[in-house]
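Structure file start.txt (compact mmCIF, C-alpha atoms) follows.
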# COMPACT_ATOMS: atom_id res chain seq x y z
CA MET W 1 -24.21 88.73 -44.55
CA THR W 2 -25.92 89.46 -41.26
CA LYS W 3 -27.11 93.08 -40.67
CA GLN W 4 -26.08 94.83 -37.42
CA ARG W 5 -28.82 96.59 -35.39
CA ARG W 6 -28.19 100.22 -34.69
CA PRO W 7 -28.36 100.91 -30.95
CA GLN W 8 -31.32 103.14 -29.92
CA PRO W 9 -30.53 106.38 -28.03
CA ARG W 10 -31.32 106.29 -24.37
CA SER W 11 -33.97 108.68 -22.97
CA THR W 12 -32.73 111.18 -20.42
CA LYS W 13 -36.25 111.87 -19.05
CA ALA W 14 -36.96 110.35 -15.64
CA PRO W 15 -39.82 107.93 -15.57
CA THR W 16 -43.12 109.38 -14.37
CA GLN W 17 -44.09 108.17 -10.91
CA PRO W 18 -47.82 107.65 -10.19
CA ALA W 19 -49.37 110.09 -7.66
CA PRO W 20 -49.80 108.62 -4.22
CA VAL W 21 -53.29 107.68 -3.35
CA ARG W 22 -54.67 109.41 -0.12
CA PRO W 23 -56.74 107.10 1.99
CA PRO W 24 -60.29 108.42 2.47
CA LEU W 25 -60.97 110.35 5.67
CA ALA W 26 -63.99 109.87 7.89
CA SER W 27 -65.01 113.51 7.29
CA ASP W 28 -65.20 112.80 3.55
CA THR W 29 -67.82 110.19 3.93
CA ALA W 30 -69.67 111.38 7.09
CA PRO W 31 -72.85 113.38 6.40
CA GLN W 32 -72.51 117.13 7.14
CA PRO W 33 -75.12 118.75 9.47
CA PRO W 34 -77.34 121.28 7.74
CA THR W 35 -76.53 124.97 8.29
CA ILE W 36 -79.16 126.63 10.51
CA ALA W 37 -79.62 130.41 10.36
CA PRO W 38 -79.76 132.16 13.79
CA SER W 39 -83.31 132.78 14.81
CA ALA W 40 -84.59 136.07 16.26
CA PRO W 41 -84.92 136.17 20.08
CA GLN W 42 -88.28 135.14 21.30
CA ARG W 43 -90.34 137.92 22.86
CA ARG W 44 -92.54 137.38 25.86
CA SER W 45 -96.17 138.21 25.37
CA THR W 46 -95.88 140.69 28.23
CA TYR W 47 -93.28 142.64 26.26
CA PHE W 48 -95.80 143.77 23.68
CA GLU W 49 -98.29 144.65 26.42
CA ALA W 50 -95.64 146.75 28.21
CA VAL W 51 -94.69 148.52 24.98
CA ALA W 52 -98.34 149.37 24.34
CA VAL W 53 -98.65 150.99 27.77
CA TYR W 54 -95.31 152.76 27.28
CA GLU W 55 -96.48 154.22 23.96
CA ARG W 56 -99.70 155.44 25.55
CA GLY W 57 -97.57 157.19 28.14
CA LEU W 58 -95.56 158.90 25.39
CA GLU W 59 -98.76 160.09 23.74
CA ALA W 60 -99.98 161.58 27.03
CA LEU W 61 -96.60 163.24 27.52
CA GLN W 62 -96.80 164.84 24.08
CA ARG W 63 -100.23 166.23 25.03
CA HIS W 64 -98.68 167.67 28.22
CA ASP W 65 -100.96 165.47 30.29
CA TYR W 66 -98.13 164.85 32.75
CA GLN W 67 -100.18 163.22 35.49
CA ARG W 68 -101.70 160.59 33.17
CA ALA W 69 -98.33 159.98 31.51
CA ALA W 70 -96.71 159.47 34.91
CA ASN W 71 -99.39 156.97 35.89
CA LEU W 72 -98.87 154.98 32.68
CA PHE W 73 -95.08 154.94 33.01
CA ASP W 74 -95.36 153.90 36.63
CA SER W 75 -97.68 151.04 35.66
CA VAL W 76 -95.01 149.71 33.28
CA LEU W 77 -92.57 149.47 36.19
CA ARG W 78 -95.10 147.88 38.53
CA GLN W 79 -96.98 145.52 36.23
CA TYR W 80 -94.10 144.40 33.99
CA PRO W 81 -91.03 144.09 36.25
CA GLU W 82 -89.44 141.50 33.92
CA GLU W 83 -89.24 143.92 30.98
CA LYS W 84 -85.93 145.44 32.09
CA GLU W 85 -85.00 146.80 28.66
CA LEU W 86 -87.93 149.23 28.82
CA HIS W 87 -87.38 150.37 32.38
CA GLU W 88 -84.49 152.77 31.73
CA ARG W 89 -86.48 154.78 29.18
CA VAL W 90 -89.60 154.60 31.31
CA ARG W 91 -87.78 156.04 34.34
CA LEU W 92 -86.36 158.88 32.24
CA TYR W 93 -89.80 160.00 31.07
CA LEU W 94 -91.33 159.35 34.48
CA ASN W 95 -88.88 161.82 36.07
CA ILE W 96 -89.81 164.44 33.48
CA CYS W 97 -93.52 163.97 34.19
CA GLN W 98 -93.04 164.18 37.95
CA ARG W 99 -91.08 167.43 37.66
CA GLN W 100 -93.69 168.95 35.36
CA ALA W 101 -96.65 167.78 37.44
CA ALA W 102 -95.22 169.06 40.75
CA PRO W 103 -96.94 172.23 41.95
CA ARG W 104 -94.76 175.28 41.52
CA GLU W 105 -94.67 177.92 44.19
CA SER W 106 -95.33 181.37 42.86
CA SER W 107 -92.81 183.97 43.94
CA PRO W 108 -94.16 186.83 46.09
CA GLN W 109 -94.97 189.95 44.10
CA THR W 110 -96.28 192.57 46.53
CA VAL W 111 -94.66 194.16 49.58
CA ASP W 112 -96.95 192.28 51.97
CA GLU W 113 -96.28 188.96 50.20
CA ARG W 114 -92.54 189.51 50.43
CA LEU W 115 -92.73 190.44 54.10
CA TYR W 116 -94.73 187.30 54.79
CA ALA W 117 -92.30 185.15 52.79
CA ALA W 118 -89.39 186.72 54.69
CA THR W 119 -91.12 185.95 58.01
CA LEU W 120 -91.48 182.29 57.04
CA ALA W 121 -87.86 182.19 55.88
CA ILE W 122 -86.58 183.63 59.17
CA ASN W 123 -88.70 181.18 61.16
CA GLY W 124 -87.19 178.36 59.10
CA GLY W 125 -83.63 179.62 59.56
CA GLN W 126 -83.29 180.50 55.85
CA TYR W 127 -81.72 183.88 56.41
CA ASP W 128 -80.27 184.28 52.91
CA GLN W 129 -83.72 183.84 51.41
CA ALA W 130 -85.24 186.23 53.94
CA ILE W 131 -82.66 188.91 53.14
CA ALA W 132 -83.35 188.53 49.42
CA HIS W 133 -87.09 189.17 49.96
CA LEU W 134 -86.47 192.07 52.35
CA ARG W 135 -84.05 193.83 50.04
CA LEU W 136 -86.74 193.89 47.36
CA VAL W 137 -89.12 195.46 49.87
CA ARG W 138 -86.49 198.01 50.88
CA ASP W 139 -85.82 198.91 47.25
CA GLU W 140 -89.53 199.41 46.62
CA ASP W 141 -90.31 201.07 49.96
CA PRO W 142 -87.11 202.48 51.56
CA ASP W 143 -89.02 203.75 54.62
CA ASN W 144 -90.61 200.41 55.50
CA ASP W 145 -89.37 200.12 59.10
CA HIS W 146 -90.69 196.57 59.46
CA ALA W 147 -88.56 195.34 56.55
CA LEU W 148 -85.53 197.16 58.00
CA TYR W 149 -86.13 195.63 61.43
CA MET W 150 -86.38 192.15 59.92
CA LEU W 151 -83.16 192.78 57.98
CA ALA W 152 -81.51 193.57 61.32
CA VAL W 153 -82.79 190.25 62.69
CA ALA W 154 -81.60 188.23 59.68
CA HIS W 155 -78.13 189.81 59.72
CA ALA W 156 -77.89 189.36 63.50
CA GLN W 157 -78.62 185.66 63.13
CA ARG W 158 -75.79 185.45 60.59
CA ASP W 159 -73.47 187.25 63.05
CA GLU W 160 -73.18 190.23 60.71
CA HIS W 161 -73.27 192.84 63.46
CA ALA W 162 -72.47 195.96 61.45
CA GLU W 163 -75.24 195.32 58.91
CA ALA W 164 -77.70 194.38 61.67
CA VAL W 165 -77.07 197.51 63.72
CA ALA W 166 -77.25 199.78 60.65
CA HIS W 167 -80.68 198.42 59.70
CA LEU W 168 -81.89 198.56 63.28
CA GLU W 169 -80.85 202.20 63.67
CA ARG W 170 -82.76 203.08 60.53
CA ALA W 171 -85.82 201.11 61.70
CA ILE W 172 -85.78 202.90 65.07
CA ALA W 173 -85.38 206.29 63.38
CA LEU W 174 -88.49 205.60 61.30
CA ASN W 175 -90.49 204.10 64.16
CA PRO W 176 -89.33 204.58 67.79
CA GLU W 177 -91.47 201.60 68.84
CA ASN W 178 -88.80 199.38 67.35
CA ARG W 179 -86.45 200.44 70.18
CA ALA W 180 -88.61 198.86 72.84
CA LEU W 181 -89.14 195.80 70.68
CA ALA W 182 -85.40 195.36 70.14
CA ARG W 183 -84.66 195.52 73.88
CA THR W 184 -86.54 192.27 74.51
CA ASP W 185 -86.36 190.55 71.14
CA PRO W 186 -84.55 187.19 71.53
CA ASP W 187 -83.76 187.20 67.80
CA LEU W 188 -81.33 190.08 68.44
CA GLU W 189 -79.55 188.22 71.24
CA PRO W 190 -76.29 187.92 69.20
CA LEU W 191 -76.00 191.74 69.38
CA ARG W 192 -76.32 192.12 73.16
CA ASP W 193 -72.58 192.62 73.70
CA ASP W 194 -72.18 194.98 70.77
CA GLU W 195 -71.56 198.57 71.88
CA ALA W 196 -73.18 200.03 68.76
CA PHE W 197 -76.31 197.98 69.44
CA ARG W 198 -76.53 199.21 73.03
CA ALA W 199 -76.01 202.76 71.85
CA ALA W 200 -78.81 202.43 69.30
CA LEU W 201 -81.20 201.34 72.06
CA GLU W 202 -80.26 204.31 74.26
CA ALA W 203 -80.14 207.05 71.61
CA PRO W 204 -83.17 209.34 71.26
CA PRO W 205 -85.25 208.97 68.08
CA THR W 206 -84.28 211.25 65.21
CA THR W 207 -87.36 210.92 63.03
CA MET W 208 -90.97 210.18 63.86
CA ARG W 209 -92.97 208.10 61.46
CA PRO W 210 -96.71 208.65 60.89
CA PRO W 211 -98.69 207.09 63.75
CA ASP W 212 -101.26 205.41 61.48
CA ARG W 213 -98.75 203.16 59.70
CA ARG W 214 -99.34 199.60 60.85
CA ARG W 215 -96.98 196.70 60.98
CA PRO W 216 -98.43 193.94 58.75
CA PHE W 217 -96.62 190.97 60.28
CA LYS W 218 -94.77 190.01 63.40
CA THR W 219 -91.10 189.32 63.08
CA ARG W 220 -91.55 185.73 64.12
CA THR W 221 -94.50 183.42 64.33
CA ALA W 222 -95.18 181.28 67.36
CA ARG W 223 -92.80 178.36 67.62

Rendering of file as structure tokens:
Amino acid sequence: MTKQRRPQPRSTKAPTQPAPVRPPLASDTAPQPPTIAPSAPQRRSTYFEAVAVYERGLEALQRHDYQRAANLFDSVLRQYPEEKELHERVRLYLNICQRQAAPRESSPQTVDERLYAATLAINGGQYDQAIAHLRLVRDEDPDNDHALYMLAVAHAQRDEHAEAVAHLERAIALNPENRALARTDPDLEPLRDDEAFRAALEAPPTTMRPPDRRRPFKTRTAR
């Protein structure tokens, strides 16, 4: 008797498909360029020379040798014009040296020095400065008729008639010679139409000053 074959169960799993093959790309086979690290910027030989001069200038500045430091900083600007990155710092320190090396005018200390400084200020039209000097003289020497007369001139030039006449009256009271001077002084021309000014020139003196007191400076120098 012939045996019957038992049917085999069918598999429910889907057949495995082979992965697609990617064709090779040109970048896979082409040689890659080597990676190059960025190099430091090249310095000109003049840069190091300029820095050396700049550092010498700093050393002179630290020693308060302002004139030598200024000369060294200036040479950096003149001799190394291509070194722009140094120039900003060089100009900063050069300005400091120039300010420090500039001669400083000493302020007047005595009455005569202040009167002289006030005379120069009036001649230069710097009436505010003149008044500042003359007020110091007046505070130190209230009976200095020359300072009071010059205050009258400075205030007259600023068209401050009341102040000018008040100082002139006081100057005339201390020294009657100031009356004759005021009558012809062109610096008091702005007061000619002022009634108080005309009255001051016509009024008799109230106080006589000592005859040996001399006027140290003229109101104005020759122009």

Once you count all atoms listed in the file, what closest atom pair and distance in Å to one decimal does each residue of stretch 127-174 of chain W within 10 Å of stretch 178-201 of chain W have, with rows by chain and rising residue number, as JSON lines?
{"residue": "W:Asp145", "atom": "CA", "partner": "W:Asn178", "partner_atom": "CA", "distance": 8.3}
{"residue": "W:His146", "atom": "CA", "partner": "W:Asn178", "partner_atom": "CA", "distance": 8.6}
{"residue": "W:Tyr149", "atom": "CA", "partner": "W:Asn178", "partner_atom": "CA", "distance": 7.5}
{"residue": "W:Met150", "atom": "CA", "partner": "W:Asp187", "partner_atom": "CA", "distance": 9.7}
{"residue": "W:Ala152", "atom": "CA", "partner": "W:Leu188", "partner_atom": "CA", "distance": 7.9}
{"residue": "W:Val153", "atom": "CA", "partner": "W:Leu188", "partner_atom": "CA", "distance": 5.9}
{"residue": "W:Ala154", "atom": "CA", "partner": "W:Asp187", "partner_atom": "CA", "distance": 8.5}
{"residue": "W:His155", "atom": "CA", "partner": "W:Leu188", "partner_atom": "CA", "distance": 9.3}
{"residue": "W:Ala156", "atom": "CA", "partner": "W:Leu188", "partner_atom": "CA", "distance": 6.1}
{"residue": "W:Gln157", "atom": "CA", "partner": "W:Pro190", "partner_atom": "CA", "distance": 6.9}
{"residue": "W:Arg158", "atom": "CA", "partner": "W:Pro190", "partner_atom": "CA", "distance": 9.0}
{"residue": "W:Asp159", "atom": "CA", "partner": "W:Pro190", "partner_atom": "CA", "distance": 6.8}
{"residue": "W:Glu160", "atom": "CA", "partner": "W:Leu191", "partner_atom": "CA", "distance": 9.2}
{"residue": "W:His161", "atom": "CA", "partner": "W:Leu191", "partner_atom": "CA", "distance": 6.6}
{"residue": "W:Ala162", "atom": "CA", "partner": "W:Ala196", "partner_atom": "CA", "distance": 8.4}
{"residue": "W:Ala164", "atom": "CA", "partner": "W:Leu191", "partner_atom": "CA", "distance": 8.3}
{"residue": "W:Val165", "atom": "CA", "partner": "W:Phe197", "partner_atom": "CA", "distance": 5.8}
{"residue": "W:Ala166", "atom": "CA", "partner": "W:Phe197", "partner_atom": "CA", "distance": 9.0}
{"residue": "W:Leu168", "atom": "CA", "partner": "W:Ala200", "partner_atom": "CA", "distance": 7.8}
{"residue": "W:Glu169", "atom": "CA", "partner": "W:Ala200", "partner_atom": "CA", "distance": 6.0}
{"residue": "W:Arg170", "atom": "CA", "partner": "W:Ala200", "partner_atom": "CA", "distance": 9.6}
{"residue": "W:Ala171", "atom": "CA", "partner": "W:Asn178", "partner_atom": "CA", "distance": 6.6}
{"residue": "W:Ile172", "atom": "CA", "partner": "W:Asn178", "partner_atom": "CA", "distance": 5.2}
{"residue": "W:Ala173", "atom": "CA", "partner": "W:Asn178", "partner_atom": "CA", "distance": 8.7}
{"residue": "W:Leu174", "atom": "CA", "partner": "W:Asn178", "partner_atom": "CA", "distance": 8.7}

Using only C-alpha atoms for the distances, tell me which of W:Leu136, W:Ala130, W:Ala118, W:Ala50 is nearest to W:Glu83. W:Ala50

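If you look at atom CA of W:Arg138 and atom CA of W:Glu177, they are 19.0 Å away from each other.
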
May I ask for the distance between atom CA of W:Arg68 and atom CA of W:Arg44, given in Å to one decimal place? 26.0 Å

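With atom CA of W:Thr119 on one side and atom CA of W:Arg99 on the other, the separation reads 27.5 Å.
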
Around the point (-92.9, 147.0, 33.6), in the coordinates given by the file, pick out the residues reaching within 12 Å, counting all atoms listed in the file, and return them as a PyMOL selection string. chain W and resi 46-54+72-91

Just need the box for stretch 126-130 of chain W, edges along x, y and z, holding every atom the file lists for it with 4 Å tacked onto each side, so centre and edge lengths in Å to one decimal, as lines of an AutoDock Vina configuration file.
center_x = -82.8
center_y = 183.4
center_z = 53.9
size_x = 13.0
size_y = 13.7
size_z = 13.0
